[in-house]
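Q: Would you mind keeping the following structure in view while I ask a few things?
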Amino acid sequence: MDRTQVVEENYANPKTCFFHVLFKGAAVAFYILSALFVNNFVIIFVVTVFLSALDFWVVKNVSGRILVGLRWWNEINDLGESVWKFESLDQESLARMNKKDSWLFWWTLYLTAGAWVVLGIFSLIRFQADYVLVIGVCLTLSVANIIGFTKCRKDAKKQLQQFATQTLANQFTSSLRTAFSVV
Amino acid sequence: MSENDTIPLHPSSQSDIDEIESLIYAAPSATVLPARPPSPPRATIPISVPVSTAPKPPSPVPPSIPITVVPTAPVNPNTVPSSRVAIASEGFGSAPNTLTEPVWDTVKRDLSRIVSNLKLVVFPNPNREDPGKALRDWDLWGPFFFIVFLGLTLSWSASVRKSEVFAVAFAVLAAGAVILTLNVLLLGGHIIFFQSLSLLGYCLFPLDVGAVICMLKDNVILKIVVVGITLAWSSWAAYPFMSAAVNPRRKALAIYPVFLMYISVGFLIIAID
C-alpha cells in the first residue's frame, strides 16, 4: 500500500496544541466579532485583554515547555539586578521534539502578532483610540512571548555550540592522554 | 606502560587540561546535576531543583528543565574516562507531574504569589526599607488585575460615557506607571523597570478599596474622607521604594509625580457620579 509508506508524524501533544491555539484564536475572534454584536467597549476591552493575558500565560508556562522545550523568565539576583534566564532541553530531547508541534507553536505566535498588527492598522485608520489601546496591550503580550522564546532558542543554540567546542577539546585532551599512556 | 602517573605532562599541558576541565564543570547558567551513568533522556522520575537559581521563577514548575550541557552522542565510559559530562537529562519527565497537576494548582500558586506580593507592598513589614528585597518576585498579574478592577469600578460608577471612563482610567494608570518608572530612571535612580511597574500597580490596591466604597455609598463627604485615607495609604506604600531608588537630594523629584498621579486618580474617584 502506498499510503502507509508516507509516515507522517502526528501531533505529539494535541491537547497542549489545542490550548495554545485556543486562547489566541478566541481573543482575535472575539475582538473581530464583537464589533458586530457587542455595543459596550468595556466588555470588549476586558474580555479581549483577559483572553490575551491567559494566552500569554499558557504559552509562556505550558506550551513553550511542552511543544518546543524552551522556557524563559526574569529573576532579581542578590545584588538587586535583573537577570533574564533562558532554559532549554538538552540536544537529543530537542531533536526529538515533534516537528509538527514546534511548527504550530512558532507559526501561530507569528500569525497572531501579525493579526493584531493588521487590526491595529484598521483601528488607526478609523481613528478609534480606544481600540488601538486594546490592540496595543494584546500586541505587547504577543511580542513579549515572541521575543522571549526567540532569545531562548538563540541561547540554546549558542550553548550547544559552546558545548560542542568543549566536547571536542575534551576528547582531544583525552586522546592526548591515552596517546601518552601507551608509550 | 599504561600508568598515567609516571609520564609527566608538559607543564603547560596540565594547565590547559585544568582549564578545559574547569570549563566543563563550570558551565554558565547550567544546572549542577549529579553525575549519573548515561541513561536515556526522558527518565520518568526526574525532579531536580536547580542549584544556581534564586527564588522561584514565575512558572508553576518547581523542577526546572535541565540545560543543554550534555553530549548525547554515545558516550562510552571506557574511551572517555576523564569525562564527567555524562549528565543525563530529565527531559520532560517532571512535566507530567505538573501537567497532570490540575490547572487549579498552578493557578493557586500564582494567586498565592500575588497575595504575598500584595502583603509585602501594601502592609507594614520589616522588609519595606530595602527595595532590593521588597518585591523580589515581582509579577505583573496583580497590577493588571488592580488596574482593570479600578477601571471597571470607575466605569460602573459613572452614569454616562462609561467606556470612555474605563479607557481613560486604564490608559492613565498604565502609562502613568511607565512614565513614573522612566522618571526615576532619568533622575539617575537605580530601579528595575518591571519591578517598579509591579510595585506601582500593587500600590493601587488601597485606591481600589476606596473606589469600591465610593461606588457603594454616594455621599460626597464620605468620598472625600475615604479617598483621602486611601490616597495617604497608597503614597505611604510607594514611598520607601521610590525614595530609596534615587539619591537623597532628588527624593522629592521622584516622589512628587507618584503623589500627583494618585491625587488625580483620587479626584477621578470623587468626581465620578
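Ligands are numbered from 1 in the order shown, chains are lettered A, B, ... in the order of the C-alpha cells, and residues start at 1 in each chain.
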Neighbouring residues of A:Val59 were defined as those with any atom within 9 Å, considering only C-alpha atoms; residues of the same chain fewer than 6 positions away were excluded. Please report them as a VMD selection string.

A: chain A and resid 19 to 20 65 105 145

Q: Once you count only C-alpha atoms, which residues of chain A turn out to be within 7 Å of chain B? Could you give them as a list in words?

A: Phe41, Val42, Asn61, Trp73, Glu75, Ile76, Asn77, Gly80, Ser82, Glu87, Ser88, Leu89, Asp90, Gln91, Glu92, Ser93, Asp130, Ala156, Gln159, Leu160, Phe163, Asn170, Thr173, Ser174, Ser181, Val182 and Val183 of chain A

Q: I need the residues in stretch 57-94 of chain A that are helix (DSSP H, G or I) according to DSSP; give them as JSON, numbers by chain.

A: {"A": [57, 58, 59, 60, 61, 62, 63, 64, 65, 66, 67, 68, 91, 92, 93, 94]}

Q: May I ask which of the residues A:Gly136, A:Ala26, A:Pro14, A:Trp57 is the closest one to A:Arg71, counting only C-alpha atoms?

A: A:Trp57

Q: Using only C-alpha atoms, which residue out of B:Ile114, B:Val160, B:Leu182, B:Cys214 lies closest to B:Leu140?

A: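 Nearest to B:Leu140: B:Ile114.
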
Q: For stretch 95-102 of chain A, find every residue with an atom within 9 Å (counting only C-alpha atoms), except residues of its own chain fewer than 4 positions away, and show them as a PyMOL selection string.

A: chain A and resi 9-14+17+66-69+90-91+106-107

Q: Using only all heavy atoms, please write the residues we just selected to a file, as a short mmCIF file (atom, residue, chain, number, x, y, z; two decimals), in the first residue's frame.

A:
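The new file out-v1.cif reads:
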data_model
loop_
_atom_site.label_atom_id
_atom_site.label_comp_id
_atom_site.auth_asym_id
_atom_site.auth_seq_id
_atom_site.Cartn_x
_atom_site.Cartn_y
_atom_site.Cartn_z
N GLU A 9 4.29 12.12 11.05
CA GLU A 9 4.09 12.09 12.49
C GLU A 9 2.92 13.00 12.84
O GLU A 9 2.74 14.06 12.28
CB GLU A 9 5.35 12.52 13.24
CG GLU A 9 6.12 13.62 12.62
CD GLU A 9 7.15 14.21 13.55
OE1 GLU A 9 7.32 13.70 14.68
OE2 GLU A 9 7.78 15.17 13.16
N ASN A 10 2.18 12.53 13.74
CA ASN A 10 1.06 13.34 14.20
C ASN A 10 1.51 14.27 15.29
O ASN A 10 2.63 14.20 15.75
CB ASN A 10 -0.03 12.42 14.76
CG ASN A 10 -1.07 12.18 13.71
OD1 ASN A 10 -1.32 13.04 12.89
ND2 ASN A 10 -1.66 11.00 13.74
N TYR A 11 0.60 15.13 15.72
CA TYR A 11 0.95 15.99 16.83
C TYR A 11 1.20 15.13 18.05
O TYR A 11 0.43 14.26 18.37
CB TYR A 11 -0.22 16.93 17.13
CG TYR A 11 -0.45 17.92 16.02
CD1 TYR A 11 -1.50 17.77 15.14
CD2 TYR A 11 0.39 19.03 15.87
CE1 TYR A 11 -1.71 18.68 14.13
CE2 TYR A 11 0.18 19.95 14.87
CZ TYR A 11 -0.87 19.77 14.00
OH TYR A 11 -1.08 20.67 13.01
N ALA A 12 2.27 15.44 18.72
CA ALA A 12 2.59 14.62 19.89
C ALA A 12 1.78 15.05 21.10
O ALA A 12 1.54 14.27 22.00
CB ALA A 12 4.08 14.70 20.20
N ASN A 13 1.40 16.30 21.12
CA ASN A 13 0.69 16.81 22.29
C ASN A 13 -0.55 17.56 21.85
O ASN A 13 -0.62 18.77 21.95
CB ASN A 13 1.58 17.79 23.07
CG ASN A 13 2.79 17.12 23.64
OD1 ASN A 13 2.68 16.27 24.49
ND2 ASN A 13 3.94 17.49 23.14
N PRO A 14 -1.52 16.84 21.38
CA PRO A 14 -2.69 17.52 20.81
C PRO A 14 -3.40 18.44 21.77
O PRO A 14 -3.85 19.51 21.38
CB PRO A 14 -3.58 16.37 20.33
CG PRO A 14 -3.06 15.15 20.96
CD PRO A 14 -1.66 15.37 21.31
N CYS A 17 -1.43 21.65 22.11
CA CYS A 17 -1.56 22.44 20.88
C CYS A 17 -2.91 23.12 20.85
O CYS A 17 -3.02 24.30 20.49
CB CYS A 17 -1.44 21.54 19.65
SG CYS A 17 0.22 20.95 19.36
N ILE A 66 6.34 22.41 26.65
CA ILE A 66 5.99 21.11 26.12
C ILE A 66 6.19 21.00 24.62
O ILE A 66 6.66 19.98 24.13
CB ILE A 66 4.53 20.81 26.47
CG1 ILE A 66 4.43 20.76 27.99
CG2 ILE A 66 4.08 19.51 25.87
CD1 ILE A 66 3.06 20.52 28.46
N LEU A 67 5.87 22.05 23.90
CA LEU A 67 5.95 21.92 22.45
C LEU A 67 7.35 22.15 21.91
O LEU A 67 7.76 21.52 20.94
CB LEU A 67 4.98 22.91 21.78
CG LEU A 67 3.51 22.69 22.09
CD1 LEU A 67 2.67 23.70 21.33
CD2 LEU A 67 3.09 21.30 21.71
N VAL A 68 8.10 23.08 22.53
CA VAL A 68 9.43 23.33 21.98
C VAL A 68 10.54 23.22 23.02
O VAL A 68 11.70 23.47 22.71
CB VAL A 68 9.52 24.72 21.32
CG1 VAL A 68 8.77 24.75 20.05
CG2 VAL A 68 9.04 25.79 22.26
N GLY A 69 10.20 22.90 24.23
CA GLY A 69 11.26 22.66 25.21
C GLY A 69 12.05 23.89 25.60
O GLY A 69 13.23 23.81 25.90
N ASP A 90 18.05 19.44 26.65
CA ASP A 90 19.31 19.04 26.01
C ASP A 90 19.06 18.65 24.56
O ASP A 90 17.93 18.48 24.13
CB ASP A 90 19.91 17.86 26.76
CG ASP A 90 18.99 16.66 26.67
OD1 ASP A 90 18.05 16.62 27.47
OD2 ASP A 90 19.19 15.82 25.80
N GLN A 91 20.12 18.52 23.85
CA GLN A 91 20.04 18.43 22.40
C GLN A 91 19.21 17.25 21.91
O GLN A 91 18.43 17.37 20.98
CB GLN A 91 21.46 18.35 21.82
CG GLN A 91 21.51 18.30 20.32
CD GLN A 91 20.76 19.45 19.68
OE1 GLN A 91 20.54 20.46 20.30
NE2 GLN A 91 20.37 19.28 18.45
N TRP A 106 5.48 28.01 16.62
CA TRP A 106 6.06 29.25 16.12
C TRP A 106 5.15 29.98 15.17
O TRP A 106 4.99 31.21 15.26
CB TRP A 106 7.41 28.97 15.44
CG TRP A 106 8.46 28.56 16.39
CD1 TRP A 106 8.98 27.31 16.58
CD2 TRP A 106 9.13 29.41 17.33
NE1 TRP A 106 9.91 27.33 17.56
CE2 TRP A 106 10.03 28.60 18.04
CE3 TRP A 106 9.05 30.76 17.64
CZ2 TRP A 106 10.84 29.11 19.04
CZ3 TRP A 106 9.87 31.27 18.64
CH2 TRP A 106 10.75 30.44 19.32
N TRP A 107 4.52 29.24 14.28
CA TRP A 107 3.68 29.92 13.30
C TRP A 107 2.47 30.60 13.92
O TRP A 107 2.09 31.69 13.50
CB TRP A 107 3.28 28.98 12.17
CG TRP A 107 4.37 28.93 11.18
CD1 TRP A 107 5.30 27.95 11.00
CD2 TRP A 107 4.72 29.98 10.25
NE1 TRP A 107 6.19 28.32 10.01
CE2 TRP A 107 5.86 29.53 9.54
CE3 TRP A 107 4.17 31.23 9.96
CZ2 TRP A 107 6.45 30.30 8.55
CZ3 TRP A 107 4.77 31.99 8.97
CH2 TRP A 107 5.89 31.54 8.28
#

Q: Which residues are near stretch 28-33 of chain A? Cut-off 8 Å, only C-alpha atoms, ignore same chain within fewer than 2 positions. Put them as an MDAnalysis selection string.

A: chainID A and resid 24:26 35:37 44 48 112 115:116

Q: List the neighbours of stretch 248-256 of chain B out to 6 Å using only C-alpha atoms; skip same-chain residues closer than 3 positions along the sequence, and give me the result as a VMD selection string.

A: chain B and resid 184 243 259

Q: I'd like the contact shell of A:Tyr131 - 10 Å cut-off, only C-alpha atoms, skipping same-chain residues fewer than 2 positions apart - returned as number ranges by chain.

A: A: 31, 41, 44-45, 119-120, 122-124, 126-129, 133-137; B: 167

Q: Would you mind reading off the distance between atom CA of A:Lys151 and atom CA of B:Ser198, one decimal, in Å?

A: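 Going from atom CA of A:Lys151 over to atom CA of B:Ser198 covers 23.2 Å.
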
Q: Stretch 9-177 of chain A: which residues are strand (DSSP E) by DSSP, as a PyMOL selection string?

A: chain A and resi 70-76+82-88

Q: Let me see the file: selected residues, N, CA and C atoms, as a CSV table (one decimal), in the first residue's frame.

A:
chain,number,residue,atom,x,y,z
A,70,LEU,N,11.4,25.0,25.6
A,70,LEU,CA,12.1,26.3,26.0
A,70,LEU,C,11.4,26.9,27.1
A,71,ARG,N,12.1,27.7,27.9
A,71,ARG,CA,11.5,28.4,29.0
A,71,ARG,C,12.3,29.7,29.3
A,72,TRP,N,11.7,30.8,29.6
A,72,TRP,CA,12.4,32.0,29.9
A,72,TRP,C,11.7,32.7,31.0
A,73,TRP,N,12.5,33.3,31.8
A,73,TRP,CA,11.9,34.1,32.9
A,73,TRP,C,12.9,35.1,33.4
A,74,ASN,N,12.5,35.9,34.3
A,74,ASN,CA,13.3,37.0,34.8
A,74,ASN,C,13.4,36.9,36.3
A,75,GLU,N,14.6,37.1,36.8
A,75,GLU,CA,14.9,37.0,38.2
A,75,GLU,C,15.6,38.2,38.7
A,76,ILE,N,15.5,38.5,40.0
A,76,ILE,CA,16.3,39.5,40.5
A,76,ILE,C,17.3,38.9,41.5
A,82,SER,N,18.5,42.8,37.6
A,82,SER,CA,17.5,41.9,36.9
A,82,SER,C,18.3,41.0,35.9
A,83,VAL,N,18.0,39.8,36.0
A,83,VAL,CA,18.7,38.8,35.2
A,83,VAL,C,17.6,38.0,34.4
A,84,TRP,N,17.8,37.9,33.1
A,84,TRP,CA,16.9,37.1,32.3
A,84,TRP,C,17.5,35.7,32.1
A,85,LYS,N,16.7,34.8,32.4
A,85,LYS,CA,17.2,33.4,32.4
A,85,LYS,C,16.5,32.7,31.2
A,86,PHE,N,17.3,31.9,30.5
A,86,PHE,CA,16.8,31.1,29.5
A,86,PHE,C,17.2,29.6,29.7
A,87,GLU,N,16.2,28.8,29.5
A,87,GLU,CA,16.5,27.4,29.7
A,87,GLU,C,16.0,26.6,28.5
A,88,SER,N,16.7,25.5,28.2
A,88,SER,CA,16.2,24.6,27.1
A,88,SER,C,16.5,23.2,27.4

Q: From the set B:Ala158, B:Leu118, B:Met242, B:Leu207, which residue has the shortest atom-to-atom contact distance to B:Asp273, counting only C-alpha atoms?

A: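 Looking at the shortest contact to B:Asp273, the residue is B:Ala158.
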
Q: Could you tell me how far atom CA of B:Ser264 lies from atom CA of B:Leu120, in Å and to one decimal?

A: 24.8 Å

Q: For atom CA of B:Gly228 and atom CA of B:Gly210, quote the distance in Å rounded to one decimal.

A: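 Taking atom CA of B:Gly228 as the start and atom CA of B:Gly210 as the end point, the length is 9.0 Å.
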